[in-house]
Structure formats: structure tokens, C-alpha cells
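A.B. asks: Here it is: the structure, laid out below.
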Amino acid sequence: MIRPHTLPPWLGHALRAQRAPVPWPAVVRGALAAGPLLLLAVLAGRPSSGVLLALGAMLAGVNDRPGTRRAAVSRLGGPALAGALGMTLGSCLAGSGFTLVGVFAGLGLLGGALSAVGPVASAAGTQLLVTTAVGAGMPLPEAGWQRAALFAAGATWLIVLRIALPSPVRGQRLGYLYDGERAAVAQVYDAVAALLDATGGPDARARRAALTAALDHAQDALRGRPAGTRRLRAQYTAALPLAEAATALAWAGRPVPGRATEGPQRLATAVRTGAPVGALPAPARCDAGLRALDEALLRAAETFDRGRWSEGPARRSIRRRTSPAAALRRMAGPAGREYGSRVGLSFGAGAAVAQALQPVHWYWLPATAAFLVKPDLGPLASRVLCRAAGTVGGALLFAGLAALLPQPFGLIALVAVCGALIPVATRHFAAQTAVVTVLVLALVMVGGEPGASWSRITETLLACALVLVAGHLPWPGAHHGGGVRVRLAAAREAAQLYVRHVLSEDADRVGRWALRREAYRTLAEARAAVELAAAELPVLARHSDGSRQVTVVLERLVDATTACAVRVDDTGRVAPGDAERIGGLLAELAA
């Protein structure tokens, strides 16, 4: 029997599934989105319009992730607008033959470069490519603008559900409009308590990483400045010195008194319920880290009980959105050029092969290639294996169900069930692929086309072969691992800015917290990129050799700098031992 840890990394990643509780609110939204829209259109005698509405709702459902309502508008709305644009472009290209190959390649270059900007831009680029292919190849009676309007309407319906339906949050007694922001801030205090509880034990490093993830999530959730989040932004800012003190204590490696976790836990409860913090546990002030923790708890309690909240520190502690100029720089940078070249090659080659072979559903081939080749969606080999397995399983399952279910209402019910399953299936790419395959095949049959299970399998396998070739080709002016190098360079720069600020003994604590947040955030992004690169096939993984060690040194450097910052607050100066330790880590990083 082969144990999981003996498998090669690329195969182990393909077999690994995420563990998470069932997102019941998203399940309900999925059940109320595509299926009911399709049912209404069929009852109105417009099944083709229902297919477009359901397609828009389905693709929006793929992007429906836990988070705030405000963030959901951009996370779902941006890709939906790109998808509507793709529908219009595709309709204009319908019947162009081999002419569309060059257009598809150019669009792939743009869509791939968008992946370097961020997750929302990446999803928008993917939907632009997929809907362009669908608009160009799917035989529908609607005009191009009507297709775009119907697609956008389907996505809009899911956005309305996302905003209007309440999402139950554990222990929360306040209104649900900002429940996502409130839960994100409460999770920061929970993560601080968990790190303090693990200090001195083997789980401290993982808890520190979890604290970074919680701070990143809250920082993203609180972007913008609506009046309803003013108190939450102040509470988030009050958590920053707590996180700093907890990180310094974890770096020291000595267990802390058990009562130290009670304060952050009470603050987390106060965020969720709006209740007063109440009496805090007696302080333990035997070293600099514990003194910093006690002072941070007292300041946080004062912030929670205050009737008014200052915008100054909160405004500086919230990360700003990426500017258009910065987005263009990322698209034109090494990662954007590498991503764009590979997506453009795959999307264009998929269109060329489809035009040469002329299968009935030729548009599935380039659309599948666009989904597969996106470098930010996981290791290439894992994506290909999961896509192939999920498509085969989903197509065979649909073939059996289609023979048993009454048409069209049995297929409409199947669409509703699949819509509900998409949020659960996101735990594994193969499961998500299987659910989406069943849903798409049901839409095709409701739209009046014959069963297409075999066609779906063959065209997906062709797309998998194309993407494997394109993903391993050398490219002039680009090289594999560009994304890893960009992330490492950003993490190194952020860490060095943080180190210089702390060693200068600058009294600007809010500025220091912002630099520390950026250092840990970019470090987490670099570590994630390195782990994904290591799970590629050996021919690709070798390009990131040594990157993991760089992230380890960066993590030690940022942790040591945080401990030094806490002692600077306590004594007013940088201790010689701290300066020597940080200098040694800088030298190791340079080597």
C-alpha cells in the first residue's frame, strides 16, 4: 500500500482535498440561483434564454466564497461584467473560422496577464475567455447584446441573493449587514488567543501563520470606509499590537500563563455580540512581551468601550486597493508576461484544433483550456489530472441520470441540485469539475441539443493534452517560476522596510504595524507560491529550487524583528543582541 507521504508532490497535491465545514448559506444561494431561473424561462417558452441566465448564475456561483457582502459585489460582479463582454465578443466572432484563432490568442494573452493582478482580476480574465468561446460557438437564437444581458442578469440574481440573504454567524446578536466584517475581526482575536495558547509548543508556527491569514482576511474585509464599519476598523486596529505581542511571545518560545488567552477571547466575544468587554484577567508583567500584551489588552478594552472612534490609526492600518497603474505594472511584469504567453498559446491552440476537427461543441475545447492553464489555480499536473477525472466521472454520471430523469423538469431539478453542490465541491478540483460537468450537460440538453457526454470527454482530454504541452514549453523572454520570484522579491522588500523601521527606533507605532502587516502578508503569499511550484512536475518544480529556504529565513527575520520591536517599546532602544541576530539573518538572506 502506498502511503500519502510517499507519493510524488504533484500526485499528492492532486489527491489532497480541503477540509472545511459545509457553507450552508452558499448552498442555499446555489440552489436558488441557476435552477429557478432556468425553470422560469422554460415555463415562459424561452429555454435558450434560461440557459444563458443559468450559465451566468453558475459561473458567479463558482466565485461565491465566504466573505463580506461588500467584497462579494466586486468578487462576483467584476467577473460577471467580463463574462458579459465575452458573450458579446464571441457572438461577433461566430462563424469566423480560423480568423478567430488569432483573436483568441490575443484575448488569452490579456486574460492570462490579468492573473498577475489578483484573484478578482484573474476570475474576470477566466470568464472573459470562457464566455468568448461559448458566445462564438454555442448555437443560440439570441443576439449578442441579448446574450450578454441575460448572462449578466443571471449573475446579478446571485449577487442579490448574496447581499439580501442573512448568513448565520456563531454567537452574533447584531444586524447581518456587516456580519462578514464582524466575523473577520472576531477571528483575529480568536487567532491571537490560539497563538498565545500554543506558545512554547509545536503548534506555535502554524498558529502564527493562521494569525497572519486572519489579519489578511480582516484587512481585505475592511477596505473602503462605510460609516457602518468605523467601529470594526477601530477594533481591528486595536488587535494589531495584540498580534505583535503574541508573535513576540511565540518567537521567545516560552509558555505564557493560561489566563493570557482569556483577554483576547473576551474581546472576540465582544466583537460578535456588541456586549461590553467586562473585567480582564489579572496581568502578568514579568518580561517585555507580557508587558506589551497587557498594555495592548488595556488599550483594546478602552477602544471597545469608547463611544467614538478615531479614523486616523484605522485608516493607516487598512491596506489600500491596487491602483490601475500598479495593476498595469503587474500585468507587464515577469509573472504577467509568463502567464499571458501560456494562456494565449493554449487558448489560441485550442481554437485552432477545434476549427480543424470541427466537433459539434467545438467551443468546449478552448474554454476548457482557458480554465486549465491559469497558473494561479494550482499546479499544472494536478489541474490536468483532476479535470480529466472529474469530467469523465461527471459525464458518465450525467449519461445515467439523463436516461432516468423526465425532461425537461428532471434536468432542471438536476441543475438546481448541482448549483447547491458547487460551494461544497470547491474543496477538490475534480469534484468541482464533476458537478459543473453535470450542470453544463443538463443545460445543453435543456437548450435543445442532443446528449453530449462523449463529446465532453473527448474535447476535455484534448484540452488537457494541449495545456500539458503549452505549460512545459520554453518561452522566449520568459521563464518558469516567474511568479515565485516576483512573490519572493516583494516579501524580501517588505521585510527589509520593516527591519529598517524597527532598527531606526522610530516612535511611529502605527506605521510600524502597517509595515509588519505588509511583511507578513507578502511572506504568506510567497510561501503559498513556493508550495504550489513545488507540487509541479519535476521539469517545472526545479525552477523554484531553494525558494522554500528563502521563505524560512524571511520568516525568522520578520519574527525576530517583531520581538525586537516589542523590546524597543519596553526599553526605548535596540538591544545589541537583537541587532546582532537581525544582522545575521540579513546576511543569511543575502547569501
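The chains in the C-alpha cells are called A, B, ... from first to last as shown; in each chain the residues are counted from 1, and the ligands are counted from 1 in the order shown.
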At a cut-off of 12 Å, using only C-alpha atoms, what residues contact Val530 (chain A)? Leave out same-chain residues fewer than 6 positions from it and give the result as a list in words.
C.D. replies: Asp376, Gly378, Pro379, Gly481, Gly482, Gly483, Val484, Arg485, Val486, Arg487, Leu488, Leu523, Ala524, Glu536, Leu540, Ala541, Arg542, His543, Ser544, Asp545, Gly546, Ser547, Arg548, Gln549, Val550, Thr551 and Val552 of chain A
A.B. asks: Using only C-alpha atoms, which residues sit within 7 Å of Ala250 (chain A) once same-chain residues fewer than 4 positions away are excluded, as an NGL selection string?
C.D. replies: :A and (199-200 or 204 or 246)
A.B. asks: How would the residues just picked look written out with N, CA, C and O atoms as an mmCIF file, in the first residue's frame?
C.D. replies:
data_model
loop_
_atom_site.group_PDB
_atom_site.id
_atom_site.type_symbol
_atom_site.label_atom_id
_atom_site.label_comp_id
_atom_site.auth_asym_id
_atom_site.auth_seq_id
_atom_site.Cartn_x
_atom_site.Cartn_y
_atom_site.Cartn_z
ATOM 1 N N THR A 199 1.895 28.949 22.395
ATOM 2 C CA THR A 199 3.252 29.445 22.612
ATOM 3 C C THR A 199 4.058 28.458 23.445
ATOM 4 O O THR A 199 3.602 27.983 24.486
ATOM 5 N N GLY A 200 5.262 28.172 22.977
ATOM 6 C CA GLY A 200 6.130 27.209 23.651
ATOM 7 C C GLY A 200 5.894 25.780 23.228
ATOM 8 O O GLY A 200 6.587 24.870 23.692
ATOM 9 N N ALA A 204 3.019 26.307 17.535
ATOM 10 C CA ALA A 204 3.106 27.773 17.539
ATOM 11 C C ALA A 204 3.305 28.332 16.131
ATOM 12 O O ALA A 204 2.695 29.347 15.766
ATOM 13 N N ALA A 246 1.771 38.912 20.814
ATOM 14 C CA ALA A 246 1.644 37.452 20.770
ATOM 15 C C ALA A 246 2.716 36.831 19.892
ATOM 16 O O ALA A 246 3.274 35.768 20.214
#
A.B. asks: What's around region 135-142 of chain A at 8 Å? Count only C-alpha atoms, leave out sequence neighbours fewer than 5 positions away in its own chain, and write the answer as a PDB file with C-alpha atoms, in the first residue's frame.
C.D. replies:
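Printed below is result_0.pdb as written:
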ATOM      1  CA  SER A  48     -32.325  29.228 -24.601  1.00  0.00           C
ATOM      2  CA  SER A  49     -32.683  32.384 -22.501  1.00  0.00           C
ATOM      3  CA  GLY A  86     -17.029  37.954 -23.625  1.00  0.00           C
ATOM      4  CA  MET A  87     -20.506  36.916 -24.721  1.00  0.00           C
ATOM      5  CA  THR A  88     -20.730  39.999 -26.922  1.00  0.00           C
ATOM      6  CA  LEU A  89     -17.257  39.479 -28.411  1.00  0.00           C
ATOM      7  CA  GLY A  90     -17.902  35.804 -29.010  1.00  0.00           C
ATOM      8  CA  SER A  91     -21.190  36.494 -30.792  1.00  0.00           C
ATOM      9  CA  CYS A  92     -19.382  38.885 -33.133  1.00  0.00           C
ATOM     10  CA  LEU A  93     -16.780  36.199 -33.888  1.00  0.00           C
ATOM     11  CA  ALA A  94     -19.276  33.405 -34.581  1.00  0.00           C
ATOM     12  CA  GLY A  95     -18.650  31.769 -37.953  1.00  0.00           C
ATOM     13  CA  ARG A 147     -26.810  37.046 -24.631  1.00  0.00           C
ATOM     14  CA  HIS A 361     -19.365  21.506 -29.372  1.00  0.00           C
ATOM     15  CA  TRP A 362     -16.015  22.845 -30.559  1.00  0.00           C
ATOM     16  CA  TYR A 363     -16.122  25.772 -28.128  1.00  0.00           C
TER      17      TYR A 363
END
A.B. asks: Within 9 Å of region 402-413 of chain A, counting only C-alpha atoms, which residues show up once you throw out same-chain ones fewer than 2 positions away? Write them as number ranges by chain, please.
C.D. replies: A: 34-36, 38-39, 42, 397-400, 415-418, 439, 442-443, 445-446, 451
A.B. asks: Figure out the distance between CA of Leu557 (chain A) and CA of Ile582 (chain A), please, to one decimal in Å.
C.D. replies: 6.4 Å
A.B. asks: Pick from A:Val435, A:Ala420, A:Ala221, A:Ala560: nearest to Tyr498 (chain A), with only C-alpha atoms counted?
C.D. replies: A:Ala560
A.B. asks: So, counting only C-alpha atoms, which residue among A:Asp305, A:Val469, A:Val438, A:Cys286 is closest to Gly419 (chain A)?
C.D. replies: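 That would be A:Val438, the residue with the smallest distance to Gly419 (chain A).
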A.B. asks: For each of A:Ala57, A:Ala534, A:Leu107, A:Leu81, take the minimum atom-to-atom distance to Ala124 (chain A), counting only C-alpha atoms, then give the residue where this is smallest.
C.D. replies: A:Leu81
A.B. asks: Counting only C-alpha atoms, what is within 9 Å of region 193-195 of chain A, bar same-chain residues fewer than 6 positions away, as a PyMOL selection string?
C.D. replies: chain A and resi 203-208+210-211+243+246-247+250+260-265
A.B. asks: Of the candidates A:Leu537, A:Val103, A:Leu55, A:Ala491, which shows the shortest atom-to-atom distance to Ser382 (chain A), using only C-alpha atoms?
C.D. replies: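 Under the stated criterion, the closest residue is A:Leu537.
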A.B. asks: Just want the 9 Å neighbourhood of Ala186 (chain A), counted on only C-alpha atoms, with same-chain residues fewer than 2 positions away dropped. Output as a ChimeraX atom specification.
C.D. replies: /A:181-184,188-191,218,236,265,267-272
A.B. asks: Rounded to one decimal in Å, what is the spacing between CA of Asp506 (chain A) and CA of Thr562 (chain A)?
C.D. replies: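 Computed distance, CA of Asp506 (chain A) to CA of Thr562 (chain A), equals 13.7 Å.
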A.B. asks: Grab the CA of Arg259 (chain A) to CA of Arg306 (chain A) distance for me, in Å with one decimal place.
C.D. replies: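 Interatomic distance, CA of Arg259 (chain A) to CA of Arg306 (chain A): 24.4 Å.
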A.B. asks: Could you give me the residues within region 335-553 of chain A that DSSP places in alpha helix (DSSP H), as a ChimeraX atom specification?
C.D. replies: /A:335-357,364-373,380-404,409-425,429-446,453-472,482-503,509-534,538-541,547-553
A.B. asks: Which is closest to Leu76 (chain A) among A:Pro334, A:Pro9, A:Pro119, A:Gly102, if we use only C-alpha atoms?
C.D. replies: A:Pro119
